[in-house]
Amino acid sequence: MYIKSIQLNNFRNYDNETVYLTPGINVVVGNNAQGKTNLLESIYLASIGKSPRTAKERELIRWNSTFAKITIEYVKQVKSHKKIEIFLSTSNNKSIKINGYYLKKISQLLGEINTVYFSPDELNIVKSGPNERRKFLDIAICQFDKNYFYNLNQYFTILEQRNKLLRTRGNSQTIWDTLDIWNDQLATYGSHIIYTRLQFINLLSSIAAEVHNTLTEGTETFRLEYNGIVGTDIKAIKQQLLSDLLDAREKDIALGYTSVGPQRDDIKIIINDIDIRSFGSQGQQRTAALTLKLAELEVINNEVKDTPILLLDDVLSELDSSRKNKLLQAVSNYQTIITCTEYNEAIDANIITINEGKIVN
C-alpha cells in the first residue's frame with residue numbers, strides 16, 4: 001500500500017496544505033520547527049487513531065482555530081483507492097470517516113493504513129521501563145489482529161474493576177470471594193494476550209536476528225525473550241495465570257493493585273548474550289531500536305500481505321554512513337517518509353521542502 005496525498009487543514013502549524021507522495025522514498029526537508037514531524041504525526045494519527053506525541057488532541061488544532069481536518073488518500077494492495085478523513089474540534093470528540101462513512105469505533109480504523117514509526121524517542125523501547133516495550137508490542141499487534149485489540153480492551157476493563165475492589169476496605173471474605181470472579185475473567189483474556197505476544201515475539205526475534213546481523217555486518221547476535229508467563233497453548237497459560245493471581249491475593253490486597261499478568265510483563269533484548277536494556281552502550285541501544293522497527297515492518301508485511309508505510313523522523317542524523325546506507329537499502333520496497341534537515345544520500349527520493357508549515361516546492 002502507499003499514500004498518494006495528505007491534506008492538512010488547521011493541523012498543528014499547517015493552515016491549508018496538500019502534500020503529494022510517491023510509492024518509494026519521500027524525504028521531507030526543512031529546518032527545525034517547520035512542521036516536518038507534524039506531517040508524520042498526521043499519518044500516524046490516521047493509522048493508530050492517536051498521536052505519538054500527545055494525548056491532548058486539542059494540541060493538534062492550529063492556534064486560534066476551532067477545528068482541524070486531516071484527509072489522506074491511499075491505495076491498498078488490491079489497487080482500491082480509499083480516503084480517510086479525521087475531524088478534530090475544540091467542542092466535540094474526534095470523528096473519522098473512511099470513504100465517506102463515519103466509523104463507530106476505533107477498531108474499525110486499525111489495519112487501514114499500517115505504519116511503523118521511528119524517531120529518536122523510540123530509543124525508549126530499549127532503555128526505558130517495561131511500559132514502553134509493552135506499548136511497542138501492543139501497537140504493532142493491534143495493526144493486524146483486531147481480536148488482540150478486543151482482548152486488550154476487555155482485560156484492562158476487568159483489571160480496573162479488580163484494582164478498584166483491591167482498594168476497598170470492606171469485608172475481607174467478600175473481597176476474596178469476589179476476587180475469584182475477576183481472576184477467572186482476567187485469566188481468560190490475559191491468556192489470549194500473552195499467547196499472541198509470544199507468537200509475535202517468536203516471529204519478530206527471528207527476523208530481527210537477520211536484520212541486526214546485516215546492520216552490524218555480522219559482529220553482533222540478537223534475540224528477544226518474553227519476560228513473563230510462557231506456554232505452548234492458551235489453556236496452559238490460563239492455568240498458570242490463574243495460579244499466579246491466586247498466589248498474589250494477599251500481596252495485591254496490601255498493594256491495592258494487581259501485581260501479576262500481562263500488564264506487568266516485559267521483553268528482554270539480548271545482544272551477544274547481554275541484556276542491553278541495562279548494560280548496552282548508547283550505540284547498541286540505538287541500533288537495537290532500529291532493528292526492532294525494521295523487523296516489525298517485515299512482520300506486519302507478512303501478516304497483512306500488504307506493505308506497511310515506514311515513518312522515519314530525524315533518524316538519519318543519528319546513524320553513521322554505513323548504517324544509513326543499509327537502512328535506505330532495506331526500505332527500498334516500502335513507501336518511506338523521512339524527515340531531515342538536509343538530504344545528500346545517493347539513493348533517489350521524492351524531495352518535499354517545508355518552511356513554516358508551507359510546502360515550498
# chains A, B, ... in the order shown; residues from 1 in each chain; ligands from 1

$ residues_around --residues "Gln329 in chain A" --least-positions-apart "2" --cutoff "12 Å" --atoms "only C-alpha atoms" --output "PDB file with N, CA and C atoms, in the first residue's frame"
ATOM      1  N   GLY A  24       7.712   5.209  -3.374  1.00  0.00           N
ATOM      2  CA  GLY A  24       9.027   4.862  -2.851  1.00  0.00           C
ATOM      3  C   GLY A  24       9.456   5.716  -1.673  1.00  0.00           C
ATOM      4  N   ILE A  25      10.672   6.233  -1.730  1.00  0.00           N
ATOM      5  CA  ILE A  25      11.227   7.044  -0.638  1.00  0.00           C
ATOM      6  C   ILE A  25      10.863   8.512  -0.840  1.00  0.00           C
ATOM      7  N   VAL A 211      18.085  -8.983  10.492  1.00  0.00           N
ATOM      8  CA  VAL A 211      18.238  -7.545  10.280  1.00  0.00           C
ATOM      9  C   VAL A 211      19.461  -7.028  11.027  1.00  0.00           C
ATOM     10  N   THR A 214      22.771  -7.886   9.526  1.00  0.00           N
ATOM     11  CA  THR A 214      23.100  -7.034   8.382  1.00  0.00           C
ATOM     12  C   THR A 214      23.583  -5.662   8.829  1.00  0.00           C
ATOM     13  N   LEU A 215      22.852  -5.054   9.778  1.00  0.00           N
ATOM     14  CA  LEU A 215      23.205  -3.708  10.238  1.00  0.00           C
ATOM     15  C   LEU A 215      24.582  -3.660  10.890  1.00  0.00           C
ATOM     16  N   LEU A 294      12.622  -2.238  11.977  1.00  0.00           N
ATOM     17  CA  LEU A 294      12.714  -2.854  10.653  1.00  0.00           C
ATOM     18  C   LEU A 294      12.133  -4.270  10.660  1.00  0.00           C
ATOM     19  N   SER A 322      27.514   4.018   7.065  1.00  0.00           N
ATOM     20  CA  SER A 322      27.292   2.605   6.738  1.00  0.00           C
ATOM     21  C   SER A 322      25.878   2.165   7.101  1.00  0.00           C
ATOM     22  N   ARG A 323      25.465   2.452   8.339  1.00  0.00           N
ATOM     23  CA  ARG A 323      24.118   2.064   8.767  1.00  0.00           C
ATOM     24  C   ARG A 323      23.049   2.840   8.001  1.00  0.00           C
ATOM     25  N   LYS A 324      23.356   4.091   7.665  1.00  0.00           N
ATOM     26  CA  LYS A 324      22.417   4.905   6.897  1.00  0.00           C
ATOM     27  C   LYS A 324      22.139   4.263   5.528  1.00  0.00           C
ATOM     28  N   ASN A 325      23.187   3.844   4.847  1.00  0.00           N
ATOM     29  CA  ASN A 325      23.035   3.215   3.537  1.00  0.00           C
ATOM     30  C   ASN A 325      22.301   1.887   3.641  1.00  0.00           C
ATOM     31  N   LYS A 326      22.627   1.101   4.673  1.00  0.00           N
ATOM     32  CA  LYS A 326      21.959  -0.186   4.856  1.00  0.00           C
ATOM     33  C   LYS A 326      20.472   0.019   5.134  1.00  0.00           C
ATOM     34  N   LEU A 327      20.149   1.057   5.907  1.00  0.00           N
ATOM     35  CA  LEU A 327      18.748   1.351   6.203  1.00  0.00           C
ATOM     36  C   LEU A 327      17.992   1.706   4.927  1.00  0.00           C
ATOM     37  N   VAL A 331      14.756  -0.469   3.097  1.00  0.00           N
ATOM     38  CA  VAL A 331      13.375   0.026   2.999  1.00  0.00           C
ATOM     39  C   VAL A 331      12.985   0.371   1.571  1.00  0.00           C
ATOM     40  N   SER A 332      13.812   0.002   0.603  1.00  0.00           N
ATOM     41  CA  SER A 332      13.567   0.408  -0.782  1.00  0.00           C
ATOM     42  C   SER A 332      12.261  -0.138  -1.353  1.00  0.00           C
ATOM     43  N   ASN A 333      11.743  -1.226  -0.766  1.00  0.00           N
ATOM     44  CA  ASN A 333      10.494  -1.816  -1.274  1.00  0.00           C
ATOM     45  C   ASN A 333       9.257  -1.312  -0.537  1.00  0.00           C
ATOM     46  N   TYR A 334       9.442  -0.395   0.387  1.00  0.00           N
ATOM     47  CA  TYR A 334       8.330   0.158   1.161  1.00  0.00           C
ATOM     48  C   TYR A 334       8.196   1.646   0.865  1.00  0.00           C
ATOM     49  N   THR A 336       8.388   4.999   2.146  1.00  0.00           N
ATOM     50  CA  THR A 336       9.090   5.510   3.318  1.00  0.00           C
ATOM     51  C   THR A 336       9.035   7.031   3.296  1.00  0.00           C
ATOM     52  N   GLU A 345      21.970  11.881   0.245  1.00  0.00           N
ATOM     53  CA  GLU A 345      22.256  10.463   0.012  1.00  0.00           C
ATOM     54  C   GLU A 345      22.190  10.127  -1.478  1.00  0.00           C
ATOM     55  N   ALA A 346      22.849   9.016  -1.835  1.00  0.00           N
ATOM     56  CA  ALA A 346      22.917   8.614  -3.238  1.00  0.00           C
ATOM     57  C   ALA A 346      21.604   8.035  -3.747  1.00  0.00           C
ATOM     58  N   ILE A 347      20.775   7.530  -2.852  1.00  0.00           N
ATOM     59  CA  ILE A 347      19.508   6.911  -3.260  1.00  0.00           C
ATOM     60  C   ILE A 347      18.498   7.993  -3.617  1.00  0.00           C
ATOM     61  N   ASP A 348      17.896   7.854  -4.807  1.00  0.00           N
ATOM     62  CA  ASP A 348      16.936   8.839  -5.279  1.00  0.00           C
ATOM     63  C   ASP A 348      15.689   8.865  -4.402  1.00  0.00           C
TER      64      ASP A 348
END

$ select_by_dssp --residues "range 209-317 of chain A" --states "strand (DSSP E or B)" --output "number ranges by chain"
A: 222-227, 266-271, 274-275, 309-313

$ write_last_selection --atoms "C-alpha atoms" --output "tab-separated table (two decimals), in the first residue's frame"
chain	number	residue	atom	x	y	z
A	222	PHE	CA	20.38	-10.51	18.53
A	223	ARG	CA	17.44	-12.22	20.18
A	224	LEU	CA	14.28	-11.43	22.14
A	225	GLU	CA	12.79	-13.22	25.12
A	226	TYR	CA	9.40	-12.71	26.73
A	227	ASN	CA	9.74	-11.88	30.41
A	266	ASP	CA	8.45	-7.23	29.64
A	267	ILE	CA	10.74	-8.14	26.73
A	268	LYS	CA	14.42	-8.97	27.14
A	269	ILE	CA	16.57	-7.56	24.33
A	270	ILE	CA	19.77	-9.58	24.17
A	271	ILE	CA	22.85	-8.75	22.08
A	274	ILE	CA	24.00	-9.41	27.19
A	275	ASP	CA	20.69	-7.84	28.21
A	309	ILE	CA	4.44	2.56	5.48
A	310	LEU	CA	7.65	3.47	7.28
A	311	LEU	CA	7.82	6.85	9.03
A	312	LEU	CA	11.36	7.93	9.93
A	313	ASP	CA	11.52	11.15	11.93

$ closest_residue --among "A:Ile3, A:Val230, A:Leu204, A:Ala236" --to "Gln77 in chain A" --atoms "only C-alpha atoms"
A:Ile3

$ atom_distance --atom1 "CA of Ser5 in chain A" --atom2 "CA of Thr22 in chain A"
8.8 Å

$ closest_residue --among "A:Leu152, A:Leu255, A:Ile352, A:Ile359" --to "Asn26 in chain A" --atoms "only C-alpha atoms"
A:Ile352

$ closest_residue --among "A:Leu165, A:Ile300, A:Leu159, A:Ile181" --to "Pro262 in chain A" --atoms "only C-alpha atoms"
A:Leu159

$ closest_residue --among "A:Thr178, A:Ser191, A:Thr18, A:Gln282" --to "Gln240 in chain A" --atoms "only C-alpha atoms"
A:Ser191

$ atom_distance --atom1 "CA of Leu186 in chain A" --atom2 "CA of Glu160 in chain A"
10.5 Å

$ closest_residue --among "A:Ser205, A:Ile70, A:Ile351, A:Glu356" --to "Val28 in chain A" --atoms "only C-alpha atoms"
A:Ile351

$ closest_residue --among "A:Asn213, A:Gln161, A:Asn32, A:Tyr2" --to "Lys82 in chain A" --atoms "only C-alpha atoms"
A:Tyr2

$ residues_around --residues "Ser317 in chain A" --least-positions-apart "5" --cutoff "10 Å" --atoms "only C-alpha atoms" --output "list in words"
Pro120, Lys324, Cys340, Thr341, Glu342 and Tyr343 of chain A

$ residues_around --residues "Ile175 in chain A" --least-positions-apart "6" --cutoff "10 Å" --atoms "only C-alpha atoms" --output "VMD selection string"
chain A and resid 162 165 to 169 249 253

$ residues_around --residues "Phe200 in chain A" --least-positions-apart "5" --cutoff "9 Å" --atoms "only C-alpha atoms" --output "count of residues only"
5

$ residues_around --residues "Asp233 in chain A" --least-positions-apart "5" --cutoff "12 Å" --atoms "only C-alpha atoms" --output "mmCIF file with N, CA and C atoms, in the first residue's frame"
data_model
loop_
_atom_site.group_PDB
_atom_site.id
_atom_site.type_symbol
_atom_site.label_atom_id
_atom_site.label_comp_id
_atom_site.auth_asym_id
_atom_site.auth_seq_id
_atom_site.Cartn_x
_atom_site.Cartn_y
_atom_site.Cartn_z
ATOM 1 N N SER A 191 -4.696 -14.691 29.027
ATOM 2 C CA SER A 191 -4.018 -15.811 28.372
ATOM 3 C C SER A 191 -3.976 -15.619 26.861
ATOM 4 N N HIS A 192 -5.035 -15.056 26.294
ATOM 5 C CA HIS A 192 -5.039 -14.783 24.855
ATOM 6 C C HIS A 192 -4.019 -13.696 24.512
ATOM 7 N N ILE A 193 -3.927 -12.684 25.367
ATOM 8 C CA ILE A 193 -2.957 -11.606 25.144
ATOM 9 C C ILE A 193 -1.534 -12.158 25.168
ATOM 10 N N ILE A 194 -1.223 -12.936 26.199
ATOM 11 C CA ILE A 194 0.128 -13.475 26.351
ATOM 12 C C ILE A 194 0.474 -14.412 25.201
ATOM 13 N N TYR A 195 -0.455 -15.273 24.827
ATOM 14 C CA TYR A 195 -0.201 -16.218 23.736
ATOM 15 C C TYR A 195 0.095 -15.475 22.433
ATOM 16 N N THR A 196 -0.688 -14.451 22.142
ATOM 17 C CA THR A 196 -0.477 -13.679 20.910
ATOM 18 C C THR A 196 0.858 -12.956 20.953
ATOM 19 N N LEU A 198 3.532 -13.914 22.555
ATOM 20 C CA LEU A 198 4.579 -14.925 22.380
ATOM 21 C C LEU A 198 4.755 -15.284 20.908
ATOM 22 N N GLN A 199 3.635 -15.454 20.200
ATOM 23 C CA GLN A 199 3.709 -15.776 18.781
ATOM 24 C C GLN A 199 4.380 -14.644 18.008
ATOM 25 N N LYS A 238 -3.407 -19.927 30.663
ATOM 26 C CA LYS A 238 -4.505 -19.512 31.533
ATOM 27 C C LYS A 238 -4.373 -20.151 32.917
ATOM 28 N N GLN A 239 -4.038 -21.425 32.964
ATOM 29 C CA GLN A 239 -3.899 -22.109 34.246
ATOM 30 C C GLN A 239 -2.778 -21.499 35.079
ATOM 31 N N GLN A 240 -1.669 -21.157 34.418
ATOM 32 C CA GLN A 240 -0.556 -20.561 35.145
ATOM 33 C C GLN A 240 -0.914 -19.166 35.637
#

$ residues_around --residues "Asn99 in chain A" --least-positions-apart "6" --cutoff "9 Å" --atoms "only C-alpha atoms" --output "PyMOL selection string"
chain A and resi 82-85

$ atom_distance --atom1 "CA of Thr37 in chain A" --atom2 "CA of Ile337 in chain A"
10.5 Å
